[in-house]
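Shown here: work38.cif, mmCIF, C-alpha atoms and all ligand atoms.
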```cif
data_my_file
#
loop_
_atom_site.group_PDB
_atom_site.id
_atom_site.type_symbol
_atom_site.label_atom_id
_atom_site.label_comp_id
_atom_site.auth_asym_id
_atom_site.auth_seq_id
_atom_site.Cartn_x
_atom_site.Cartn_y
_atom_site.Cartn_z
ATOM 1 C CA MET A 118 166.377 33.551 -36.405
ATOM 2 C CA GLY A 119 164.957 36.180 -38.669
ATOM 3 C CA THR A 120 161.391 35.042 -37.991
ATOM 4 C CA HIS A 121 160.583 37.820 -35.543
ATOM 5 C CA PRO A 122 159.304 41.190 -36.638
ATOM 6 C CA ARG A 123 161.793 44.023 -36.489
ATOM 7 C CA ARG A 124 162.056 45.056 -32.851
ATOM 8 C CA ARG A 125 161.354 48.628 -31.922
ATOM 9 C CA PHE A 126 161.896 49.726 -28.363
ATOM 10 C CA ARG A 127 160.821 52.909 -26.633
ATOM 11 C CA TRP A 128 164.237 54.219 -25.668
ATOM 12 C CA GLU A 129 163.146 55.672 -22.357
ATOM 13 C CA ASP A 130 162.405 54.175 -18.960
ATOM 14 C CA ALA A 131 161.282 56.194 -15.939
ATOM 15 C CA SER A 132 162.578 53.512 -13.523
ATOM 16 C CA ILE A 133 166.134 54.279 -14.651
ATOM 17 C CA GLU A 134 165.748 57.919 -13.574
ATOM 18 C CA GLU A 135 164.945 56.739 -10.039
ATOM 19 C CA LEU A 136 168.216 54.863 -9.570
ATOM 20 C CA SER A 137 171.175 56.323 -7.709
ATOM 21 C CA ALA A 138 173.979 57.800 -9.800
ATOM 22 C CA ALA A 139 176.336 55.076 -8.570
ATOM 23 C CA ALA A 140 173.919 52.294 -9.507
ATOM 24 C CA ARG A 141 173.407 53.844 -12.933
ATOM 25 C CA GLU A 142 177.155 53.991 -13.551
ATOM 26 C CA GLU A 143 177.550 50.374 -12.550
ATOM 27 C CA LEU A 144 174.635 49.253 -14.738
ATOM 28 C CA ALA A 145 176.059 51.265 -17.642
ATOM 29 C CA ALA A 146 179.392 49.458 -17.250
ATOM 30 C CA PHE A 147 177.546 46.122 -17.062
ATOM 31 C CA TRP A 148 175.710 46.769 -20.352
ATOM 32 C CA VAL A 149 178.864 47.997 -22.092
ATOM 33 C CA ARG A 150 180.500 44.665 -21.159
ATOM 34 C CA ARG A 151 177.408 42.892 -22.450
ATOM 35 C CA ALA A 152 177.706 44.802 -25.764
ATOM 36 C CA VAL A 153 181.331 43.718 -26.140
ATOM 37 C CA GLY A 154 180.358 40.115 -25.371
ATOM 38 C CA GLU A 155 177.541 40.147 -27.938
ATOM 39 C CA TRP A 156 179.842 41.483 -30.667
ATOM 40 C CA GLN A 157 182.511 38.918 -29.809
ATOM 41 C CA VAL A 158 180.008 36.052 -29.961
ATOM 42 C CA GLY A 159 178.771 37.460 -33.284
ATOM 43 C CA ARG A 160 182.262 37.182 -34.774
ATOM 44 C CA ILE A 161 182.651 33.640 -33.479
ATOM 45 C CA LEU A 162 179.240 32.647 -34.843
ATOM 46 C CA ALA A 163 180.246 34.024 -38.260
ATOM 47 C CA GLU A 164 183.366 31.852 -38.143
ATOM 48 C CA LEU A 165 181.269 28.858 -37.105
ATOM 49 C CA ARG A 166 178.778 29.524 -39.923
ATOM 50 C CA ASP A 167 181.629 29.421 -42.455
ATOM 51 C CA LEU A 168 183.221 26.359 -40.849
ATOM 52 C CA LEU A 169 179.928 24.428 -40.923
ATOM 53 C CA ALA A 170 179.532 25.345 -44.596
ATOM 54 C CA SER A 171 183.092 24.208 -45.373
ATOM 55 C CA VAL A 172 182.590 20.783 -43.778
ATOM 56 C CA GLY A 173 179.285 20.209 -45.585
ATOM 57 C CA ALA A 174 176.947 20.410 -42.590
ATOM 58 C CA PRO A 175 173.317 19.574 -43.476
ATOM 59 C CA PRO A 176 171.411 22.515 -45.069
ATOM 60 C CA ALA A 177 168.904 22.597 -42.178
ATOM 61 C CA VAL A 178 171.771 23.165 -39.722
ATOM 62 C CA ARG A 179 173.462 25.746 -41.935
ATOM 63 C CA ALA A 180 170.174 27.623 -42.288
ATOM 64 C CA LEU A 181 170.132 28.099 -38.504
ATOM 65 C CA THR A 182 173.540 29.823 -38.646
ATOM 66 C CA LEU A 183 172.785 32.395 -41.343
ATOM 67 C CA GLY A 184 171.122 35.127 -39.310
ATOM 68 C CA ALA A 185 173.007 34.556 -36.066
ATOM 69 C CA PRO A 186 176.029 36.889 -36.561
ATOM 70 C CA ALA A 187 173.810 39.856 -37.512
ATOM 71 C CA GLU A 188 171.487 39.127 -34.587
ATOM 72 C CA GLU A 189 174.433 39.307 -32.172
ATOM 73 C CA GLY A 190 175.444 42.565 -33.853
ATOM 74 C CA ARG A 191 172.007 43.986 -33.117
ATOM 75 C CA HIS A 192 172.132 42.714 -29.524
ATOM 76 C CA GLY A 193 175.417 44.558 -29.048
ATOM 77 C CA ALA A 194 173.909 47.775 -30.395
ATOM 78 C CA TRP A 195 170.908 47.473 -28.053
ATOM 79 C CA CYS A 196 173.186 46.808 -25.078
ATOM 80 C CA LEU A 197 175.315 49.866 -25.827
ATOM 81 C CA ARG A 198 172.282 52.109 -26.318
ATOM 82 C CA LEU A 199 170.844 50.885 -23.017
ATOM 83 C CA ALA A 200 174.223 51.498 -21.350
ATOM 84 C CA ARG A 201 174.121 55.096 -22.596
ATOM 85 C CA LEU A 202 170.671 55.528 -21.091
ATOM 86 C CA TYR A 203 171.883 54.234 -17.713
ATOM 87 C CA ALA A 204 174.950 56.469 -17.904
ATOM 88 C CA GLY A 205 172.832 59.464 -18.907
ATOM 89 C CA ARG A 206 175.569 60.664 -21.238
ATOM 90 C CA PRO A 207 177.183 59.657 -24.519
ATOM 91 C CA LEU A 208 179.497 56.682 -24.212
ATOM 92 C CA ALA A 209 182.105 55.879 -26.843
ATOM 93 C CA ARG A 210 181.668 52.642 -28.711
ATOM 94 C CA PRO A 211 183.958 50.249 -26.803
ATOM 95 C CA VAL A 212 186.960 48.520 -28.325
ATOM 96 C CA VAL A 213 186.030 44.905 -29.022
ATOM 97 C CA PRO A 214 188.973 42.568 -28.391
ATOM 98 C CA ALA A 215 189.556 39.919 -31.036
ATOM 99 C CA ALA A 216 187.456 36.806 -30.594
ATOM 100 C CA VAL A 217 188.083 33.649 -32.604
ATOM 101 C CA LEU A 218 187.027 30.045 -32.450
ATOM 102 C CA PRO A 219 189.702 28.051 -30.570
ATOM 103 C CA GLY A 220 192.020 25.719 -32.463
ATOM 104 C CA PHE A 221 190.854 22.772 -30.309
ATOM 105 C CA TRP A 222 194.189 20.982 -30.027
ATOM 106 C CA GLY A 223 194.965 21.334 -33.738
ATOM 107 C CA ALA A 224 191.825 19.429 -34.708
ATOM 108 C CA GLU A 225 191.021 19.049 -38.427
ATOM 109 C CA ALA A 226 188.118 21.149 -39.753
ATOM 110 C CA ARG A 227 185.397 18.502 -39.339
ATOM 111 C CA LEU A 228 186.237 17.880 -35.688
ATOM 112 C CA ARG A 229 186.806 21.582 -35.063
ATOM 113 C CA ALA A 230 183.226 22.157 -36.216
ATOM 114 C CA VAL A 231 182.019 19.525 -33.739
ATOM 115 C CA TYR A 232 183.944 21.088 -30.844
ATOM 116 C CA GLY A 233 182.977 24.577 -32.020
ATOM 117 C CA VAL A 234 179.230 23.986 -32.030
ATOM 118 C CA THR A 235 179.542 22.200 -28.700
ATOM 119 C CA VAL A 236 181.248 25.133 -27.002
ATOM 120 C CA VAL A 237 179.539 28.062 -28.700
ATOM 121 C CA SER A 238 176.057 26.738 -29.212
ATOM 122 C CA CYS A 239 175.299 23.697 -27.011
ATOM 123 C CA ILE A 240 177.123 25.086 -23.972
ATOM 124 C CA HIS A 241 177.385 28.886 -24.240
ATOM 125 C CA GLU A 242 174.186 29.814 -26.057
ATOM 126 C CA THR A 243 172.136 27.242 -24.142
ATOM 127 C CA ILE A 244 173.333 28.627 -20.799
ATOM 128 C CA ALA A 245 172.716 32.140 -22.177
ATOM 129 C CA THR A 246 169.125 31.198 -22.964
ATOM 130 C CA ALA A 247 168.450 30.018 -19.395
ATOM 131 C CA TRP A 248 170.310 33.023 -17.968
ATOM 132 C CA LEU A 249 168.399 35.539 -20.110
ATOM 133 C CA LEU A 250 165.109 33.904 -19.169
ATOM 134 C CA ARG A 251 165.898 34.395 -15.461
ATOM 135 C CA CYS A 252 167.027 37.996 -16.091
ATOM 136 C CA PHE A 253 163.776 38.606 -17.991
ATOM 137 C CA GLN A 254 161.715 37.106 -15.164
ATOM 138 C CA ARG A 255 163.450 39.379 -12.645
ATOM 139 C CA CYS A 256 163.045 42.488 -14.795
ATOM 140 C CA THR A 257 160.122 44.851 -14.301
ATOM 141 C CA ALA A 258 161.687 47.904 -15.993
ATOM 142 C CA PRO A 259 159.989 48.041 -19.415
ATOM 143 C CA LEU A 260 162.986 48.878 -21.618
ATOM 144 C CA PRO A 261 165.516 46.292 -20.384
ATOM 145 C CA ARG A 262 162.639 43.788 -20.160
ATOM 146 C CA GLY A 263 161.832 44.266 -23.856
ATOM 147 C CA ILE A 264 165.496 43.981 -24.810
ATOM 148 C CA LEU A 265 165.999 40.831 -22.722
ATOM 149 C CA ARG A 266 162.912 39.261 -24.297
ATOM 150 C CA ALA A 267 164.098 40.012 -27.832
ATOM 151 C CA MET A 268 167.589 38.660 -27.127
ATOM 152 C CA LEU A 269 166.106 35.535 -25.537
ATOM 153 C CA GLN A 270 164.144 34.774 -28.703
ATOM 154 C CA ASP A 271 167.332 34.952 -30.806
ATOM 155 C CA GLU A 272 169.587 33.019 -28.395
ATOM 156 C CA THR A 273 167.158 30.110 -28.422
ATOM 157 C CA GLY A 274 167.805 29.816 -32.160
ATOM 158 C CA HIS A 275 171.585 30.045 -31.653
ATOM 159 C CA ALA A 276 171.440 27.218 -29.114
ATOM 160 C CA ARG A 277 169.613 25.016 -31.632
ATOM 161 C CA ILE A 278 172.526 25.146 -34.112
ATOM 162 C CA GLY A 279 174.716 22.873 -32.015
ATOM 163 C CA TRP A 280 172.072 20.397 -30.920
ATOM 164 C CA ALA A 281 170.819 20.078 -34.510
ATOM 165 C CA TYR A 282 174.338 19.497 -35.839
ATOM 166 C CA LEU A 283 175.447 17.002 -33.184
ATOM 167 C CA ALA A 284 172.241 14.984 -33.713
ATOM 168 C CA SER A 285 172.725 15.010 -37.513
ATOM 169 C CA PRO A 286 174.302 12.283 -39.671
ATOM 170 C CA GLY A 287 177.043 14.793 -40.534
ATOM 171 C CA VAL A 288 178.665 13.889 -37.206
ATOM 172 C CA THR A 289 180.259 10.416 -37.353
ATOM 173 C CA PRO A 290 180.495 7.864 -34.509
ATOM 174 C CA GLU A 291 184.250 8.652 -34.369
ATOM 175 C CA ASP A 292 183.488 12.367 -33.981
ATOM 176 C CA ARG A 293 181.097 11.538 -31.154
ATOM 177 C CA MET A 294 183.747 9.435 -29.394
ATOM 178 C CA ALA A 295 186.250 12.284 -29.719
ATOM 179 C CA LEU A 296 183.690 14.729 -28.315
ATOM 180 C CA ARG A 297 182.896 12.386 -25.444
ATOM 181 C CA ARG A 298 186.586 12.403 -24.451
ATOM 182 C CA ARG A 299 186.904 16.190 -24.699
ATOM 183 C CA LEU A 300 183.547 17.129 -23.188
ATOM 184 C CA PRO A 301 184.683 17.446 -19.534
ATOM 185 C CA LYS A 302 187.395 19.931 -20.561
ATOM 186 C CA LEU A 303 185.116 21.889 -22.930
ATOM 187 C CA LEU A 304 182.413 22.062 -20.300
ATOM 188 C CA GLY A 305 184.761 22.979 -17.447
ATOM 189 C CA ASP A 306 186.413 25.828 -19.326
ATOM 190 C CA ASN A 307 183.162 27.313 -20.559
ATOM 191 C CA VAL A 308 181.178 27.016 -17.366
ATOM 192 C CA ALA A 309 184.089 28.723 -15.552
ATOM 193 C CA ALA A 310 183.779 31.620 -18.023
ATOM 194 C CA TRP A 311 180.297 32.313 -16.591
ATOM 195 C CA ARG A 312 181.715 33.376 -13.221
ATOM 196 C CA PRO A 313 179.776 36.492 -12.134
ATOM 197 C CA ARG A 314 181.292 39.874 -11.363
ATOM 198 C CA PRO A 315 180.240 41.402 -8.067
ATOM 199 C CA PHE A 316 178.053 44.508 -7.986
ATOM 200 C CA VAL A 317 179.042 47.171 -5.473
ATOM 201 C CA HIS A 318 175.712 49.021 -5.703
ATOM 202 C CA GLY A 319 173.159 46.252 -5.890
ATOM 203 C CA PRO A 320 172.279 45.212 -8.534
ATOM 204 C CA PRO A 321 169.030 47.157 -8.040
ATOM 205 C CA ASP A 322 165.791 45.185 -8.070
ATOM 206 C CA GLY A 323 163.748 45.055 -11.232
ATOM 207 C CA GLN A 324 166.450 46.029 -13.757
ATOM 208 C CA GLY A 325 167.030 42.475 -14.956
ATOM 209 C CA VAL A 326 170.522 42.032 -13.542
ATOM 210 C CA LEU A 327 171.013 39.024 -11.260
ATOM 211 C CA CYS A 328 172.865 39.084 -7.971
ATOM 212 C CA PRO A 329 175.979 36.830 -8.033
ATOM 213 C CA ALA A 330 174.318 33.995 -6.044
ATOM 214 C CA GLU A 331 171.362 33.819 -8.412
ATOM 215 C CA HIS A 332 173.662 34.089 -11.429
ATOM 216 C CA VAL A 333 175.650 31.073 -10.195
ATOM 217 C CA ASP A 334 172.430 29.208 -9.467
ATOM 218 C CA VAL A 335 170.981 29.736 -12.925
ATOM 219 C CA VAL A 336 174.226 28.647 -14.625
ATOM 220 C CA ARG A 337 174.452 25.485 -12.489
ATOM 221 C CA THR A 338 170.801 24.664 -13.088
ATOM 222 C CA ALA A 339 171.131 25.216 -16.844
ATOM 223 C CA VAL A 340 174.136 22.893 -17.065
ATOM 224 C CA ALA A 341 172.634 20.209 -14.816
ATOM 225 C CA GLU A 342 169.105 20.294 -16.214
ATOM 226 C CA ILE A 343 169.471 21.348 -19.854
ATOM 227 C CA VAL A 344 173.037 21.039 -21.185
ATOM 228 C CA LEU A 345 174.085 17.680 -19.678
ATOM 229 C CA PRO A 346 170.709 15.989 -20.327
ATOM 230 C CA GLY A 347 171.002 17.339 -23.890
ATOM 231 C CA PHE A 348 174.327 15.533 -24.396
ATOM 232 C CA ALA A 349 172.816 12.374 -22.854
ATOM 233 C CA GLU A 350 169.742 12.640 -25.098
ATOM 234 C CA ILE A 351 171.830 12.638 -28.286
ATOM 235 C CA GLY A 352 174.032 9.821 -27.002
ATOM 236 C CA ILE A 353 177.268 11.706 -26.370
ATOM 237 C CA VAL A 354 177.392 10.767 -22.683
ATOM 238 C CA SER A 355 175.627 8.169 -20.540
ATOM 239 C CA ALA A 356 173.353 9.066 -17.640
ATOM 240 C CA ARG A 357 176.120 7.929 -15.265
ATOM 241 C CA GLU A 358 178.695 10.155 -16.936
ATOM 242 C CA THR A 359 176.211 12.986 -16.762
ATOM 243 C CA ALA A 360 176.135 12.679 -12.985
ATOM 244 C CA ARG A 361 179.943 12.579 -12.852
ATOM 245 C CA LEU A 362 180.247 15.641 -15.073
ATOM 246 C CA SER A 363 177.958 17.603 -12.770
ATOM 247 C CA ALA A 364 181.007 17.792 -10.495
ATOM 248 C CA VAL A 365 182.450 20.258 -13.021
ATOM 249 C CA LEU A 366 179.867 22.740 -11.838
ATOM 250 C CA THR A 367 181.678 23.286 -8.568
ATOM 251 C CA GLU A 368 184.129 25.312 -10.700
ATOM 252 C CA VAL A 369 181.545 28.086 -10.965
ATOM 253 C CA GLY A 370 181.499 30.876 -8.446
HETATM 254 FE FE FE B 401 173.185 37.698 -28.108
HETATM 255 FE FE FE B 402 173.461 34.248 -29.285
#
```
Entire entry expressed as structure tokens:
Amino acid sequence: MGTHPRRRFRWEDASIEELSAAAREELAAFWVRRAVGEWQVGRILAELRDLLASVGAPPAVRALTLGAPAEEGRHGAWCLRLARLYAGRPLARPVVPAAVLPGFWGAEARLRAVYGVTVVSCIHETIATAWLLRCFQRCTAPLPRGILRAMLQDETGHARIGWAYLASPGVTPEDRMALRRRLPKLLGDNVAAWRPRPFVHGPPDGQGVLCPAEHVDVVRTAVAEIVLPGFAEIGIVSARETARLSAVLTEVG
């Protein structure tokens, strides 16, 4: 959230040279997809920043949103540069498909902000934080390890936006009731979006890319042990509902 010194990476990594050509191609494609995802999330976070401002979200919450779009922009640039290193050749900047905050059943702006922070921040960025931590822990290659660490620091801040807003007085008891009703659907759709793509050549050990089984495990664990308890902690769902909602996780993988 702008509190970290400017990151400088050494854009070389001998461990990449040791990989097979096929593995390098597949990792390059993986990081290009990651770049596209980062840029898409950046656009959505910019929309969310403006929406939170328009509904008069508390200044402390709005402050958390200010640096987020640019941080995602930088993440995308790092991902693409890393992809080029894996590919060992220039790669064109990919086309980034449009990404907008959903309409959420025609909800008015105030409620759209509530659903928006829930999906983007409390669910997506919180899962991303847990996922990046596991990728970082599995990564021994210095360059991707440094990039994963830097992204992890930023995503933690992006996850805070939603929890801070939902716990704030800006969200009314009626908003909370509406969110409680919609939460199973919001959670189901967004957890399903974390379905992993299979790797034909690995993924190779030590490059910070999880195999599909571990990817599914980290997403399930994040939802069961961080996201759902988070909603219980701020009074959106009861402990009993939390257990029932865990069933949503079977949608993954
Ligand atoms: Fe990011
Ligand atoms: Fe993020």
Please produce, as a tab-separated table, a per-residue contact table for chain A versus ligand FE 401 (chain B) (criterion: any atom at most 6 Å away, all atoms listed in the file considered), showing the nearest atom pair and its distance in Å to one decimal, sorted by chain then residue number.
```
residue	atom	partner	partner_atom	distance
A:Glu155	CA	B:FE401	FE	5.0
A:Glu189	CA	B:FE401	FE	4.5
A:His192	CA	B:FE401	FE	5.3
A:Met268	CA	B:FE401	FE	5.8
A:Glu272	CA	B:FE401	FE	5.9
```
Keeping only C-alpha atoms, write those residues as a short mmCIF file (atom, residue, chain, number, x, y, z; two decimals), in the coordinates of the input.
```cif
data_model
loop_
_atom_site.label_atom_id
_atom_site.label_comp_id
_atom_site.auth_asym_id
_atom_site.auth_seq_id
_atom_site.Cartn_x
_atom_site.Cartn_y
_atom_site.Cartn_z
CA GLU A 155 177.54 40.15 -27.94
CA GLU A 189 174.43 39.31 -32.17
CA HIS A 192 172.13 42.71 -29.52
CA MET A 268 167.59 38.66 -27.13
CA GLU A 272 169.59 33.02 -28.40
#
```
- prompt: What residues have any atom no more than 7 Å from ligand FE 402 (chain B) when counting only C-alpha atoms and all ligand atoms, and can you list them as a PyMOL selection string?
  reply: chain A and resi 158+185+189+242+271-272+275
field: Picked residues, the PyMOL selection byres (((chain A and resi 332) around 12) and not hetatm), as a PyMOL selection string
entry: chain A and resi 244-245+247-252+255+308+311-316+320+325-331+333-339+369-370
field: Who sits within 9 Å of segment 288-297 of chain A, only C-alpha atoms, same chain under 2 positions skipped, as number ranges by chain
entry: A: 174, 227-228, 231-232, 235, 282-286, 299-301, 352-354
- request: Output the residue selection produced by the PyMOL selection byres (((chain A and resi 356-358) around 12) and not hetatm) on the file above, formatted as a PyMOL selection string.
  value: chain A and resi 297-298+300-301+341+345-355+359-365
Can I get the selection written as a PDB file, in the frame of the given file, with C-alpha atoms?
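Result file result_35.pdb:
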```pdb
ATOM      1  CA  ARG A 297     182.896  12.386 -25.444  1.00  0.00           C
ATOM      2  CA  ARG A 298     186.586  12.403 -24.451  1.00  0.00           C
ATOM      3  CA  LEU A 300     183.547  17.129 -23.188  1.00  0.00           C
ATOM      4  CA  PRO A 301     184.683  17.446 -19.534  1.00  0.00           C
ATOM      5  CA  ALA A 341     172.634  20.209 -14.816  1.00  0.00           C
ATOM      6  CA  LEU A 345     174.085  17.680 -19.678  1.00  0.00           C
ATOM      7  CA  PRO A 346     170.709  15.989 -20.327  1.00  0.00           C
ATOM      8  CA  GLY A 347     171.002  17.339 -23.890  1.00  0.00           C
ATOM      9  CA  PHE A 348     174.327  15.533 -24.396  1.00  0.00           C
ATOM     10  CA  ALA A 349     172.816  12.374 -22.854  1.00  0.00           C
ATOM     11  CA  GLU A 350     169.742  12.640 -25.098  1.00  0.00           C
ATOM     12  CA  ILE A 351     171.830  12.638 -28.286  1.00  0.00           C
ATOM     13  CA  GLY A 352     174.032   9.821 -27.002  1.00  0.00           C
ATOM     14  CA  ILE A 353     177.268  11.706 -26.370  1.00  0.00           C
ATOM     15  CA  VAL A 354     177.392  10.767 -22.683  1.00  0.00           C
ATOM     16  CA  SER A 355     175.627   8.169 -20.540  1.00  0.00           C
ATOM     17  CA  THR A 359     176.211  12.986 -16.762  1.00  0.00           C
ATOM     18  CA  ALA A 360     176.135  12.679 -12.985  1.00  0.00           C
ATOM     19  CA  ARG A 361     179.943  12.579 -12.852  1.00  0.00           C
ATOM     20  CA  LEU A 362     180.247  15.641 -15.073  1.00  0.00           C
ATOM     21  CA  SER A 363     177.958  17.603 -12.770  1.00  0.00           C
ATOM     22  CA  ALA A 364     181.007  17.792 -10.495  1.00  0.00           C
ATOM     23  CA  VAL A 365     182.450  20.258 -13.021  1.00  0.00           C
TER      24      VAL A 365
END
```
- request: Name the residues that the PyMOL selection byres (((chain A and resi 161) around 9) and not hetatm) pulls out of this structure, and write them as a PyMOL selection string.
  value: chain A and resi 156-160+162-166+186+216-218+237
query: Using all atoms listed in the file, can you list as a count of residues only the residues within 8 Å of (170.9, 22.5, -28.7)?
result: 11
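Using all atoms listed in the file, the nearest neighbour of Leu183 of chain A within the list A:Gly233, A:Pro207, A:Pro259, A:Gly274 is A:Gly274.
Closest to Arg127 of chain A among A:Trp195, A:Phe147, A:Phe253, A:Trp222 is A:Trp195, based on only C-alpha atoms.
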- request: Kindly give the distance, in Å, that separates atom CA of Ala138 of chain A and atom CA of Arg198 of chain A, rounded to a single decimal.
  value: 17.6 Å
query: Near Val153 of chain A, within 10 Å and counting only C-alpha atoms, which residues show up once chain neighbours fewer than 3 positions away are dropped, as a list in words?
result: Trp148, Val149, Arg150, Trp156, Gln157, Val158, Gly159, Gly190, His192, Gly193, Ala194, Cys196, Leu197, Arg210, Pro211, Val212, Val213 and Pro214 of chain A
Suppose we keep C-alpha atoms; can you now write the selection as a compact mmCIF listing (two decimals), in the coordinates of the input?
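Output below, filename out21.txt:
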```txt
# COMPACT_ATOMS: atom_id res chain seq x y z
CA TRP A 148 175.71 46.77 -20.35
CA VAL A 149 178.86 48.00 -22.09
CA ARG A 150 180.50 44.66 -21.16
CA TRP A 156 179.84 41.48 -30.67
CA GLN A 157 182.51 38.92 -29.81
CA VAL A 158 180.01 36.05 -29.96
CA GLY A 159 178.77 37.46 -33.28
CA GLY A 190 175.44 42.56 -33.85
CA HIS A 192 172.13 42.71 -29.52
CA GLY A 193 175.42 44.56 -29.05
CA ALA A 194 173.91 47.78 -30.40
CA CYS A 196 173.19 46.81 -25.08
CA LEU A 197 175.32 49.87 -25.83
CA ARG A 210 181.67 52.64 -28.71
CA PRO A 211 183.96 50.25 -26.80
CA VAL A 212 186.96 48.52 -28.32
CA VAL A 213 186.03 44.90 -29.02
CA PRO A 214 188.97 42.57 -28.39
```
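Of the listed residues A:Asp167, A:Gly287, A:Ala258, A:Leu265, the one whose atoms come nearest to Glu135 of chain A is A:Ala258, with distances taken using only C-alpha atoms.
With all atoms listed in the file as the atoms that count, the residue of A:Glu142, A:Glu188, A:Glu225, A:Asp322 with the shortest distance to Arg206 of chain A is A:Glu142.
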